[in-house]
$ cat final-v5.csv   # CSV, C-alpha atoms
chain,number,residue,atom,x,y,z
A,1,MET,CA,-22.6,-6.1,-0.6
A,2,ARG,CA,-25.9,-7.8,-1.3
A,3,LEU,CA,-26.0,-11.5,-1.8
A,4,GLY,CA,-28.8,-12.7,-4.0
A,5,THR,CA,-30.7,-16.0,-3.3
A,6,SER,CA,-29.2,-17.6,-6.4
A,7,VAL,CA,-25.7,-17.0,-5.0
A,8,LEU,CA,-26.6,-18.4,-1.6
A,9,HIS,CA,-28.3,-21.5,-3.1
A,10,ASN,CA,-25.4,-22.1,-5.5
A,11,LYS,CA,-23.0,-22.0,-2.5
A,12,GLY,CA,-25.1,-24.4,-0.5
A,13,ALA,CA,-26.4,-21.6,1.8
A,14,HIS,CA,-29.4,-21.7,4.1
A,15,LEU,CA,-31.0,-19.1,6.4
A,16,HIS,CA,-31.1,-19.6,10.1
A,17,HIS,CA,-32.7,-17.0,12.3
A,18,GLY,CA,-32.3,-14.3,9.7
A,19,CYS,CA,-28.5,-14.9,9.2
A,20,ALA,CA,-27.1,-16.5,6.1
A,21,HIS,CA,-24.8,-19.4,6.6
A,22,VAL,CA,-22.8,-21.4,4.0
A,23,HIS,CA,-21.4,-24.8,4.1
A,24,ARG,CA,-17.7,-24.7,3.4
A,25,ARG,CA,-15.5,-27.9,3.6
A,26,GLY,CA,-17.9,-29.5,6.0
A,27,ARG,CA,-18.4,-26.5,8.3
A,28,LEU,CA,-20.7,-23.4,8.5
A,29,ILE,CA,-19.4,-19.9,8.1
A,30,SER,CA,-21.3,-16.8,8.9
A,31,ARG,CA,-22.6,-14.1,6.4
A,32,HIS,CA,-19.6,-12.0,7.4
A,33,GLY,CA,-17.3,-14.9,6.6
A,34,LEU,CA,-18.9,-15.2,3.2
A,35,LEU,CA,-18.4,-11.5,2.5
A,36,ARG,CA,-14.8,-11.9,3.5
A,37,CYS,CA,-14.4,-14.9,1.2
A,38,TYR,CA,-15.8,-13.0,-1.7
A,39,ALA,CA,-13.6,-10.0,-0.9
A,40,SER,CA,-10.5,-12.2,-0.9
A,41,ALA,CA,-11.5,-13.9,-4.2
A,42,SER,CA,-12.2,-10.5,-5.7
A,43,ALA,CA,-8.7,-9.3,-4.7
A,44,ALA,CA,-7.2,-12.4,-6.1
A,45,ARG,CA,-8.8,-11.7,-9.5
A,46,LEU,CA,-7.8,-8.1,-9.8
A,47,PRO,CA,-6.0,-7.3,-13.1
A,48,PRO,CA,-2.9,-5.1,-12.9
A,49,PRO,CA,-3.9,-1.4,-13.2
A,50,ARG,CA,-2.6,0.6,-16.2
A,51,THR,CA,-3.6,4.1,-15.1
A,52,CYS,CA,-3.4,6.0,-11.9
A,53,ASN,CA,-7.2,6.3,-11.8
A,54,GLN,CA,-7.5,2.5,-12.0
A,55,ALA,CA,-5.0,2.1,-9.2
A,56,VAL,CA,-7.1,4.5,-7.0
A,57,LEU,CA,-10.2,2.5,-7.7
A,58,GLN,CA,-8.5,-0.7,-6.7
A,59,ALA,CA,-7.1,1.0,-3.5
A,60,LYS,CA,-10.6,2.1,-2.7
A,61,GLY,CA,-11.8,-1.5,-3.0
A,62,ALA,CA,-9.0,-2.6,-0.7
A,63,ILE,CA,-10.1,0.0,1.9
A,64,ARG,CA,-13.7,-1.3,1.6
A,65,ALA,CA,-12.6,-4.9,2.0
A,66,PHE,CA,-10.6,-4.0,5.1
A,67,ARG,CA,-13.4,-2.1,6.7
A,68,GLU,CA,-15.8,-5.0,6.0
A,69,ALA,CA,-13.3,-7.5,7.5
A,70,LYS,CA,-12.7,-5.3,10.5
A,71,ALA,CA,-16.4,-5.0,11.1
A,72,ALA,CA,-16.7,-8.8,10.9
A,73,GLY,CA,-13.8,-9.2,13.4
A,74,PHE,CA,-11.4,-10.8,10.9
A,75,ARG,CA,-13.1,-14.2,11.5
A,76,ASN,CA,-12.2,-15.8,8.2
A,77,GLU,CA,-9.3,-18.2,8.8
A,78,GLY,CA,-8.1,-18.0,5.2
A,79,THR,CA,-7.5,-14.2,5.2
A,80,PRO,CA,-4.3,-12.6,6.3
A,81,GLN,CA,-4.9,-10.2,9.2
A,82,PRO,CA,-3.2,-6.8,9.6
A,83,CYS,CA,-1.5,-5.7,12.7
A,84,PRO,CA,-3.7,-5.3,15.9
A,85,GLN,CA,-3.1,-1.6,15.9
A,86,TYR,CA,-4.3,-1.2,12.3
A,87,TRP,CA,-1.4,0.7,10.9
A,88,LEU,CA,-1.6,0.4,7.1
A,89,THR,CA,0.1,1.8,4.0
A,90,ILE,CA,-1.1,2.6,0.6
A,91,GLU,CA,1.3,3.2,-2.3
A,92,LEU,CA,-0.4,5.1,-5.2
A,93,PRO,CA,1.1,6.0,-8.5
A,94,VAL,CA,0.7,9.7,-8.8
A,95,PRO,CA,-0.1,11.3,-12.2
A,96,VAL,CA,2.9,13.2,-13.6
A,97,LYS,CA,2.2,16.3,-15.7
A,98,ARG,CA,5.4,16.1,-17.7
A,99,SER,CA,4.0,18.4,-20.4
A,100,LEU,CA,4.4,21.3,-17.9
A,101,VAL,CA,8.1,20.5,-17.5
A,102,ASN,CA,8.9,19.4,-21.0
A,103,PRO,CA,6.2,19.2,-23.6
A,104,PHE,CA,8.4,16.9,-25.7
A,105,ALA,CA,9.1,14.4,-22.8
A,106,ALA,CA,7.9,10.8,-23.0
A,107,GLY,CA,4.6,10.5,-21.2
A,108,ALA,CA,3.5,14.1,-22.0
A,109,GLY,CA,-0.1,14.7,-22.9
A,110,SER,CA,-3.4,14.5,-21.0
A,111,GLU,CA,-4.0,10.8,-21.7
A,112,ALA,CA,-0.4,9.6,-21.2
A,113,GLU,CA,-0.2,11.6,-17.9
A,114,ASP,CA,-2.7,9.2,-16.2
A,115,LEU,CA,-0.5,6.3,-17.3
A,116,ILE,CA,1.4,4.6,-14.5
A,117,LEU,CA,5.0,5.7,-15.0
A,118,ALA,CA,8.3,5.1,-13.3
A,119,ASN,CA,8.5,8.4,-11.5
A,120,ASP,CA,11.7,10.5,-11.6
A,121,GLU,CA,12.7,13.2,-9.2
A,122,SER,CA,12.9,15.6,-12.1
A,123,ASP,CA,9.1,15.2,-12.5
A,124,TRP,CA,8.7,17.2,-9.2
A,125,PRO,CA,10.6,20.5,-9.4
A,126,GLY,CA,8.2,21.9,-6.9
A,127,GLY,CA,9.1,19.4,-4.3
A,128,MET,CA,6.7,17.9,-1.8
A,129,GLN,CA,4.1,20.7,-2.3
A,130,GLN,CA,3.8,19.8,-6.0
A,131,ARG,CA,3.6,16.1,-5.1
A,132,PHE,CA,0.8,16.9,-2.6
A,133,ARG,CA,-1.2,18.8,-5.2
A,134,ALA,CA,-1.1,15.8,-7.4
A,135,LEU,CA,-1.9,13.3,-4.6
A,136,ARG,CA,-4.7,15.1,-2.9
A,137,PRO,CA,-7.4,14.5,-5.5
A,138,GLN,CA,-6.5,10.8,-5.4
A,139,VAL,CA,-6.9,10.6,-1.6
A,140,ASP,CA,-10.2,12.6,-1.9
A,141,GLN,CA,-11.4,10.0,-4.3
A,142,LEU,CA,-10.4,7.2,-1.9
A,143,ILE,CA,-12.6,8.4,0.9
A,144,GLU,CA,-15.5,9.7,-1.2
A,145,GLY,CA,-18.8,8.3,-0.2
A,146,TYR,CA,-17.9,7.5,3.5
A,147,PRO,CA,-19.7,9.6,6.2
A,148,ASP,CA,-17.7,12.1,8.1
A,149,SER,CA,-14.9,11.9,5.5
A,150,LYS,CA,-13.0,15.0,4.5
A,151,PHE,CA,-9.6,16.7,4.1
A,152,LEU,CA,-8.5,18.2,7.4
A,153,GLY,CA,-5.5,20.2,6.2
A,154,LEU,CA,-1.8,20.2,6.1
A,155,LEU,CA,0.2,19.4,9.2
A,156,GLU,CA,3.0,21.7,10.3
A,157,ALA,CA,4.6,23.6,7.4
A,158,ASP,CA,2.9,23.7,4.0
A,159,ALA,CA,6.2,23.0,2.3
A,160,ASP,CA,6.3,19.6,4.0
A,161,GLY,CA,3.3,18.4,2.0
A,162,VAL,CA,2.0,16.2,4.8
A,163,GLY,CA,-1.8,16.1,4.6
A,164,LEU,CA,-4.4,14.6,6.9
A,165,TRP,CA,-7.8,13.1,6.0
A,166,THR,CA,-10.5,11.5,8.0
A,167,CYS,CA,-12.6,8.6,6.7
A,168,GLY,CA,-15.4,8.0,9.2
A,169,ALA,CA,-14.9,8.1,12.9
A,170,ASP,CA,-12.4,5.1,13.0
A,171,MET,CA,-10.0,5.8,10.1
A,172,THR,CA,-7.3,8.5,9.5
A,173,LEU,CA,-5.2,8.9,6.4
A,174,CYS,CA,-1.8,10.7,6.4
A,175,GLY,CA,0.0,11.5,3.2
A,176,GLN,CA,3.6,11.6,2.2
A,177,VAL,CA,5.6,11.2,5.4
A,178,THR,CA,9.4,11.2,4.8
A,179,ASN,CA,12.4,11.0,7.0
A,180,PRO,CA,12.5,14.8,7.7
A,181,THR,CA,8.7,14.9,8.4
A,182,PHE,CA,8.6,11.6,10.5
A,183,PRO,CA,8.4,13.6,13.8
A,184,THR,CA,5.0,14.9,12.5
A,185,LEU,CA,3.8,11.2,12.2
A,186,VAL,CA,5.2,10.6,15.7
A,187,LYS,CA,3.2,13.5,17.0
A,188,LEU,CA,0.1,12.3,15.2
A,189,LEU,CA,0.3,8.7,16.6
A,190,ASP,CA,0.9,10.1,20.1
A,191,GLY,CA,-2.3,12.1,20.0
A,192,GLY,CA,-0.6,15.5,19.5
A,193,TYR,CA,-3.2,16.5,16.9
A,194,GLY,CA,-6.2,15.0,18.7
A,195,SER,CA,-7.1,11.9,20.7
A,196,ARG,CA,-9.2,10.2,18.1
A,197,VAL,CA,-6.2,8.4,16.5
A,198,ILE,CA,-5.2,6.7,19.8
A,199,ALA,CA,-8.6,5.3,20.4
A,200,PRO,CA,-8.8,1.5,20.5
A,201,GLY,CA,-9.3,0.0,17.1
A,202,HIS,CA,-8.6,3.2,15.2
A,203,THR,CA,-7.0,2.7,11.8
A,204,ILE,CA,-4.1,4.8,10.5
A,205,ILE,CA,-3.2,4.7,6.8
A,206,ALA,CA,0.0,6.2,5.6
A,207,ILE,CA,-0.3,7.2,1.9
A,208,ASN,CA,2.9,7.0,-0.1
A,209,PRO,CA,5.3,6.8,2.9
A,210,SER,CA,9.0,7.1,2.1
A,211,TRP,CA,10.8,6.9,5.4
A,212,GLY,CA,13.7,4.7,6.1
A,213,ASN,CA,14.8,3.4,9.5
A,214,SER,CA,15.1,4.9,12.9
A,215,GLY,CA,18.8,5.8,12.4
A,216,GLU,CA,17.8,8.2,9.6
A,217,ILE,CA,15.2,10.1,11.8
A,218,GLY,CA,16.1,13.3,13.5
A,219,GLN,CA,19.5,14.5,14.7
A,220,PHE,CA,22.0,12.1,16.3
A,221,TRP,CA,21.3,13.7,19.8
A,222,GLU,CA,17.5,13.2,19.6
A,223,ARG,CA,17.6,9.8,21.2
A,224,SER,CA,14.1,9.8,22.5
A,225,LEU,CA,12.8,10.6,18.9
A,226,LYS,CA,14.9,7.8,17.5
A,227,LYS,CA,13.6,5.4,20.1
A,228,ARG,CA,10.0,6.3,19.4
A,229,ALA,CA,10.6,6.0,15.7
A,230,ALA,CA,12.1,2.5,16.2
A,231,GLU,CA,8.9,1.5,18.1
A,232,ILE,CA,6.7,2.9,15.3
A,233,MET,CA,8.7,1.2,12.6
A,234,GLY,CA,8.6,-2.1,14.5
A,235,GLU,CA,12.4,-2.5,14.9
A,236,ILE,CA,13.5,-4.9,17.6
A,237,PRO,CA,16.3,-3.5,19.8
A,238,GLY,CA,19.5,-5.5,19.2
A,239,ASP,CA,18.0,-7.5,16.3
A,240,GLU,CA,20.2,-6.9,13.3
A,241,SER,CA,17.6,-8.5,11.0
A,242,THR,CA,15.4,-5.4,11.4
A,243,LYS,CA,18.2,-2.9,10.6
A,244,GLY,CA,17.2,-1.1,7.4
A,245,ALA,CA,13.6,-2.3,7.7
A,246,SER,CA,11.2,0.5,7.7
A,247,SER,CA,7.7,1.0,9.0
A,248,SER,CA,6.7,1.4,5.4
A,249,GLY,CA,7.5,-2.2,5.1
A,250,ARG,CA,10.8,-2.4,3.3
A,251,SER,CA,12.8,-5.4,4.1
A,252,GLN,CA,16.5,-5.3,4.8
A,253,GLU,CA,17.1,-6.0,1.1
A,254,ALA,CA,15.1,-2.9,0.3
A,255,PRO,CA,16.2,-0.9,-2.8
A,256,ASP,CA,19.0,1.5,-2.5
A,257,ALA,CA,21.5,3.2,-4.7
A,258,GLY,CA,23.7,0.1,-4.9
A,259,SER,CA,21.1,-2.6,-5.0
A,260,GLY,CA,20.6,-2.6,-8.7
A,261,LEU,CA,16.9,-1.7,-8.4
A,262,SER,CA,15.7,1.8,-9.2
A,263,SER,CA,12.5,2.9,-7.5
A,264,THR,CA,10.6,6.0,-6.6
A,265,ALA,CA,10.2,7.0,-2.9
A,266,GLY,CA,10.4,4.3,-0.3
A,267,ALA,CA,7.9,1.6,-1.1
A,268,PRO,CA,5.5,0.1,1.4
A,269,GLY,CA,5.6,-3.7,1.6
A,270,THR,CA,6.0,-6.5,4.0
A,271,SER,CA,9.0,-7.8,5.9
A,272,SER,CA,10.5,-11.1,5.1
A,273,SER,CA,8.8,-14.3,6.2
A,274,THR,CA,11.6,-15.0,8.8
A,275,GLN,CA,11.1,-11.6,10.5
A,276,GLN,CA,9.1,-11.5,13.7
A,277,VAL,CA,5.6,-10.1,13.3
A,278,ARG,CA,5.2,-7.2,15.8
A,279,PRO,CA,2.1,-5.3,16.8
A,280,SER,CA,3.4,-2.1,15.2
A,281,GLN,CA,4.3,-3.6,11.9
A,282,TRP,CA,2.7,-1.8,9.0
A,283,GLU,CA,0.5,-3.8,6.7
A,284,PRO,CA,0.4,-2.9,3.0
A,285,LEU,CA,-3.2,-2.4,2.1
A,286,PHE,CA,-2.5,-1.5,-1.5
A,287,HIS,CA,0.7,-1.1,-3.5
A,288,CYS,CA,1.3,-0.3,-7.2
A,289,ARG,CA,4.5,1.0,-8.8
A,290,ILE,CA,6.9,0.4,-11.7
A,291,VAL,CA,10.3,-1.1,-10.7
A,292,ARG,CA,13.4,-0.9,-12.8
A,293,THR,CA,16.5,-3.1,-12.4
A,294,SER,CA,20.2,-2.3,-13.2
A,295,ARG,CA,20.0,-5.3,-15.6
A,296,GLY,CA,17.5,-3.5,-17.8
A,297,GLY,CA,14.4,-5.3,-16.5
A,298,THR,CA,11.2,-3.4,-15.7
A,299,GLY,CA,8.1,-4.6,-14.1
A,300,LEU,CA,5.0,-3.7,-12.2
A,301,LEU,CA,4.8,-4.5,-8.5
A,302,HIS,CA,1.2,-4.9,-7.4
A,303,ARG,CA,-0.7,-5.9,-4.3
A,304,ALA,CA,-4.3,-5.3,-3.2
A,305,TRP,CA,-5.3,-6.5,0.3
A,306,PRO,CA,-6.0,-9.3,1.1
A,307,GLY,CA,-4.5,-10.7,-2.1
A,308,PRO,CA,-0.9,-11.7,-2.7
A,309,TRP,CA,2.0,-9.7,-4.1
A,310,ARG,CA,2.4,-10.0,-7.9
A,311,VAL,CA,5.1,-8.9,-10.3
A,312,TYR,CA,4.3,-8.4,-14.0
A,313,GLU,CA,6.5,-7.7,-16.9
A,314,ALA,CA,6.5,-4.1,-18.1
A,315,PRO,CA,8.8,-4.0,-21.1
A,316,ALA,CA,7.9,-0.4,-22.1
A,317,GLY,CA,9.1,0.9,-18.7
A,318,ASN,CA,5.5,2.0,-17.8
A,319,ALA,CA,2.1,0.4,-17.6
A,320,SER,CA,1.2,0.9,-21.3
A,321,GLU,CA,2.1,-2.7,-21.9
A,322,ILE,CA,1.7,-5.2,-19.1
A,323,GLY,CA,3.2,-8.6,-19.8
A,324,GLU,CA,2.9,-11.9,-18.1
A,325,LEU,CA,2.8,-12.6,-14.4
A,326,VAL,CA,6.3,-13.6,-13.4
A,327,LEU,CA,6.1,-13.8,-9.6
A,328,LYS,CA,3.3,-14.4,-7.1
A,329,SER,CA,4.1,-14.3,-3.4
A,330,ASP,CA,2.3,-14.0,0.0
A,331,VAL,CA,5.1,-11.7,1.2
A,332,ARG,CA,6.7,-8.7,-0.5
A,333,PRO,CA,9.4,-9.9,-3.0
A,334,SER,CA,12.9,-9.0,-2.1
A,335,THR,CA,15.2,-7.0,-4.3
A,336,GLN,CA,17.1,-10.1,-5.3
A,337,GLN,CA,13.8,-11.8,-6.3
A,338,LEU,CA,12.8,-8.8,-8.5
A,339,LEU,CA,16.3,-8.8,-10.1
A,340,ASP,CA,16.1,-12.5,-10.9
A,341,VAL,CA,12.5,-12.7,-12.2
A,342,LEU,CA,12.6,-9.5,-14.3
A,343,GLY,CA,16.1,-10.3,-15.6
A,344,GLU,CA,14.9,-13.8,-16.7
A,345,ALA,CA,11.8,-12.3,-18.3
A,346,LYS,CA,14.0,-9.9,-20.3
A,347,ARG,CA,16.3,-12.8,-21.4
A,348,GLU,CA,13.3,-14.8,-22.5
A,349,ALA,CA,11.9,-11.8,-24.5
A,350,ARG,CA,15.3,-11.4,-26.4
A,351,LYS,CA,15.0,-15.0,-27.7
A,352,TRP,CA,12.1,-13.9,-29.9
A,353,PHE,CA,14.4,-11.4,-31.8
$ encode --input "final-v5.csv" --output "structure tokens"
Amino acid sequence: MRLGTSVLHNKGAHLHHGCAHVHRRGRLISRHGLLRCYASASAARLPPPRTCNQAVLQAKGAIRAFREAKAAGFRNEGTPQPCPQYWLTIELPVPVKRSLVNPFAAGAGSEAEDLILANDESDWPGGMQQRFRALRPQVDQLIEGYPDSKFLGLLEADADGVGLWTCGADMTLCGQVTNPTFPTLVKLLDGGYGSRVIAPGHTIIAINPSWGNSGEIGQFWERSLKKRAAEIMGEIPGDESTKGASSSGRSQEAPDAGSGLSSTAGAPGTSSSTQQVRPSQWEPLFHCRIVRTSRGGTGLLHRAWPGPWRVYEAPAGNASEIGELVLKSDVRPSTQQLLDVLGEAKREARKWF
């Protein structure tokens, strides 16, 4: 990012030994700190995406902001920092080609298929392989332009749809890990596919993860696997507050069949503010999906690092019509919060009819 002299002068900057410094609330911050401030402000101003392509571009911007902050050592006090091990998640809306399944279905057509929709399992009759074919071009776009960035291939069985990408020498992306394929992620993080990922400071990004908790991983007799899964998911032994919390960031109030909130695959997020922050806790780098409640409310849940979580009205049940911002939070909203704010938004909308 290049900073023109006009920007520097407007912000009260001066040059000292070839390094830009800026006065901020009576103190000096470095050029890297200035970059971080602008990155944070940029994330705070991001509009909610309406198409899958817009979401990918925003996720790419979040990756760029993270890499710049990491290179600067996360020295800006006002910016939330990810976990020391740099385990991150990205939740991308995947374009659904409903015209191939039902040409008369809502959302069919080339333009509508790029719209962010509330995904349904019936959209993916081909299972994880079909999902991967739709996801791969998006991830390829995420890493485009970085040196030594490429798709490395599928891990284990092709039917699992677990892909691996490299983004430079210090970042690895792994797509679509679920409960059945979680052992593949364990093997990756333990260096089973190469030692690069266990190097100090390496970044792992899980794309569209949908795993649950350690109790749902493996068979009941695979105790060592479950123990390792609990470590990766950041569960504290004996702490009931972490039961049901996943490494994809779902809190213990995460959506389930009886929660009143319908969602697609397990959504990355952050744990509640009362939960202990652990080194292995996964930080959501980008998140965008449509949420639907049992009370009829629909909304768009959006977050781009390092900005806050936002919930917007989506009365059409997709991103074709994004309404007002109904919730803004530094931590991922709980299911009850989503039920309350989207239910209230729907009641307010009914008053106009």
$ atom_distance --input "final-v5.csv" --atom1 "CA of Gly191 (chain A)" --atom2 "CA of Lys70 (chain A)"
22.4 Å
$ closest_residue --input "final-v5.csv" --among "A:Leu46, A:Ala71, A:Gly218, A:Val197" --to "Pro308 (chain A)" --atoms "only C-alpha atoms"
A:Leu46
$ atom_distance --input "final-v5.csv" --atom1 "CA of Gly215 (chain A)" --atom2 "CA of Gln336 (chain A)"
23.9 Å
$ atom_distance --input "final-v5.csv" --atom1 "CA of Ala199 (chain A)" --atom2 "CA of Thr172 (chain A)"
11.4 Å
$ closest_residue --input "final-v5.csv" --among "A:Thr89, A:Thr293, A:Ser122, A:Ser149" --to "Ile207 (chain A)" --atoms "only C-alpha atoms"
A:Thr89
$ closest_residue --input "final-v5.csv" --among "A:Pro333, A:Gly61, A:Pro180, A:Gly296" --to "Pro315 (chain A)" --atoms "all atoms listed in the file"
A:Gly296
$ closest_residue --input "final-v5.csv" --among "A:Ala169, A:Leu188, A:Leu115, A:Ala65" --to "Glu321 (chain A)" --atoms "only C-alpha atoms"
A:Leu115
$ residues_around --input "final-v5.csv" --residues "Thr166 (chain A)" --least-positions-apart "5" --cutoff "9 Å" --atoms "only C-alpha atoms" --output "VMD selection string"
chain A and resid 143 148 to 152 171 to 174
$ write_last_selection --input "final-v5.csv" --atoms "C-alpha atoms" --output "PDB file, in the frame of the given file"
ATOM      1  CA  ILE A 143     -12.600   8.400   0.900  1.00  0.00           C
ATOM      2  CA  ASP A 148     -17.700  12.100   8.100  1.00  0.00           C
ATOM      3  CA  SER A 149     -14.900  11.900   5.500  1.00  0.00           C
ATOM      4  CA  LYS A 150     -13.000  15.000   4.500  1.00  0.00           C
ATOM      5  CA  PHE A 151      -9.600  16.700   4.100  1.00  0.00           C
ATOM      6  CA  LEU A 152      -8.500  18.200   7.400  1.00  0.00           C
ATOM      7  CA  MET A 171     -10.000   5.800  10.100  1.00  0.00           C
ATOM      8  CA  THR A 172      -7.300   8.500   9.500  1.00  0.00           C
ATOM      9  CA  LEU A 173      -5.200   8.900   6.400  1.00  0.00           C
ATOM     10  CA  CYS A 174      -1.800  10.700   6.400  1.00  0.00           C
TER      11      CYS A 174
END
$ residues_around --input "final-v5.csv" --residues "Asp114 (chain A)" --least-positions-apart "4" --cutoff "6 Å" --atoms "all atoms listed in the file" --output "count of residues only"
3
$ build_atoms --input "final-v5.csv" --residues "region 308-316 of chain A" --atoms "all heavy atoms" --output "CSV table (one decimal), in the frame of the given file"
chain,number,residue,atom,x,y,z
A,308,PRO,N,-2.4,-11.6,-2.8
A,308,PRO,CA,-0.9,-11.7,-2.7
A,308,PRO,C,-0.2,-10.6,-3.5
A,308,PRO,O,-0.8,-9.8,-4.2
A,308,PRO,CB,-0.7,-13.1,-3.4
A,308,PRO,CG,-1.8,-13.1,-4.4
A,308,PRO,CD,-3.0,-12.5,-3.8
A,309,TRP,N,1.1,-10.6,-3.4
A,309,TRP,CA,2.0,-9.7,-4.1
A,309,TRP,C,2.2,-10.3,-5.5
A,309,TRP,O,2.3,-11.6,-5.7
A,309,TRP,CB,3.3,-9.5,-3.5
A,309,TRP,CG,3.3,-8.7,-2.2
A,309,TRP,CD1,3.0,-9.2,-1.0
A,309,TRP,CD2,3.5,-7.3,-2.1
A,309,TRP,NE1,3.0,-8.2,0.0
A,309,TRP,CE2,3.4,-7.0,-0.7
A,309,TRP,CE3,3.9,-6.3,-3.0
A,309,TRP,CZ2,3.6,-5.7,-0.2
A,309,TRP,CZ3,4.1,-5.0,-2.5
A,309,TRP,CH2,3.9,-4.8,-1.1
A,310,ARG,N,2.2,-9.5,-6.5
A,310,ARG,CA,2.4,-10.0,-7.9
A,310,ARG,C,3.4,-9.0,-8.6
A,310,ARG,O,3.4,-7.8,-8.4
A,310,ARG,CB,1.0,-10.0,-8.7
A,310,ARG,CG,0.0,-11.0,-8.2
A,310,ARG,CD,-1.2,-10.9,-9.1
A,310,ARG,NE,-2.1,-12.1,-8.8
A,310,ARG,CZ,-3.1,-12.1,-7.9
A,310,ARG,NH1,-3.2,-11.0,-7.2
A,310,ARG,NH2,-3.8,-13.1,-7.8
A,311,VAL,N,4.2,-9.7,-9.5
A,311,VAL,CA,5.1,-8.9,-10.3
A,311,VAL,C,4.8,-9.3,-11.8
A,311,VAL,O,4.8,-10.4,-12.2
A,311,VAL,CB,6.6,-9.3,-10.0
A,311,VAL,CG1,7.5,-8.5,-10.9
A,311,VAL,CG2,6.9,-9.0,-8.5
A,312,TYR,N,4.6,-8.2,-12.6
A,312,TYR,CA,4.3,-8.4,-14.0
A,312,TYR,C,5.4,-7.8,-14.8
A,312,TYR,O,6.0,-6.8,-14.4
A,312,TYR,CB,2.9,-7.7,-14.4
A,312,TYR,CG,1.7,-8.2,-13.7
A,312,TYR,CD1,1.3,-7.8,-12.5
A,312,TYR,CD2,1.0,-9.3,-14.3
A,312,TYR,CE1,0.2,-8.2,-11.8
A,312,TYR,CE2,-0.2,-9.8,-13.7
A,312,TYR,CZ,-0.6,-9.2,-12.4
A,312,TYR,OH,-1.7,-9.7,-11.8
A,313,GLU,N,5.6,-8.3,-16.0
A,313,GLU,CA,6.5,-7.7,-16.9
A,313,GLU,C,5.9,-6.4,-17.4
A,313,GLU,O,4.7,-6.2,-17.6
A,313,GLU,CB,6.7,-8.6,-18.2
A,313,GLU,CG,7.4,-9.9,-17.9
A,313,GLU,CD,7.5,-10.7,-19.2
A,313,GLU,OE1,8.5,-10.5,-19.9
A,313,GLU,OE2,6.7,-11.5,-19.4
A,314,ALA,N,6.8,-5.4,-17.6
A,314,ALA,CA,6.5,-4.1,-18.1
A,314,ALA,C,7.6,-3.6,-19.0
A,314,ALA,O,8.4,-2.7,-18.7
A,314,ALA,CB,6.2,-3.0,-17.0
A,315,PRO,N,7.7,-4.3,-20.2
A,315,PRO,CA,8.8,-4.0,-21.1
A,315,PRO,C,9.0,-2.6,-21.6
A,315,PRO,O,10.1,-2.1,-21.9
A,315,PRO,CB,8.6,-5.0,-22.3
A,315,PRO,CG,7.1,-5.3,-22.2
A,315,PRO,CD,6.7,-5.2,-20.8
A,316,ALA,N,7.9,-1.8,-21.6
A,316,ALA,CA,7.9,-0.4,-22.1
A,316,ALA,C,8.4,0.5,-21.0
A,316,ALA,O,8.6,1.7,-21.3
A,316,ALA,CB,6.5,0.0,-22.6
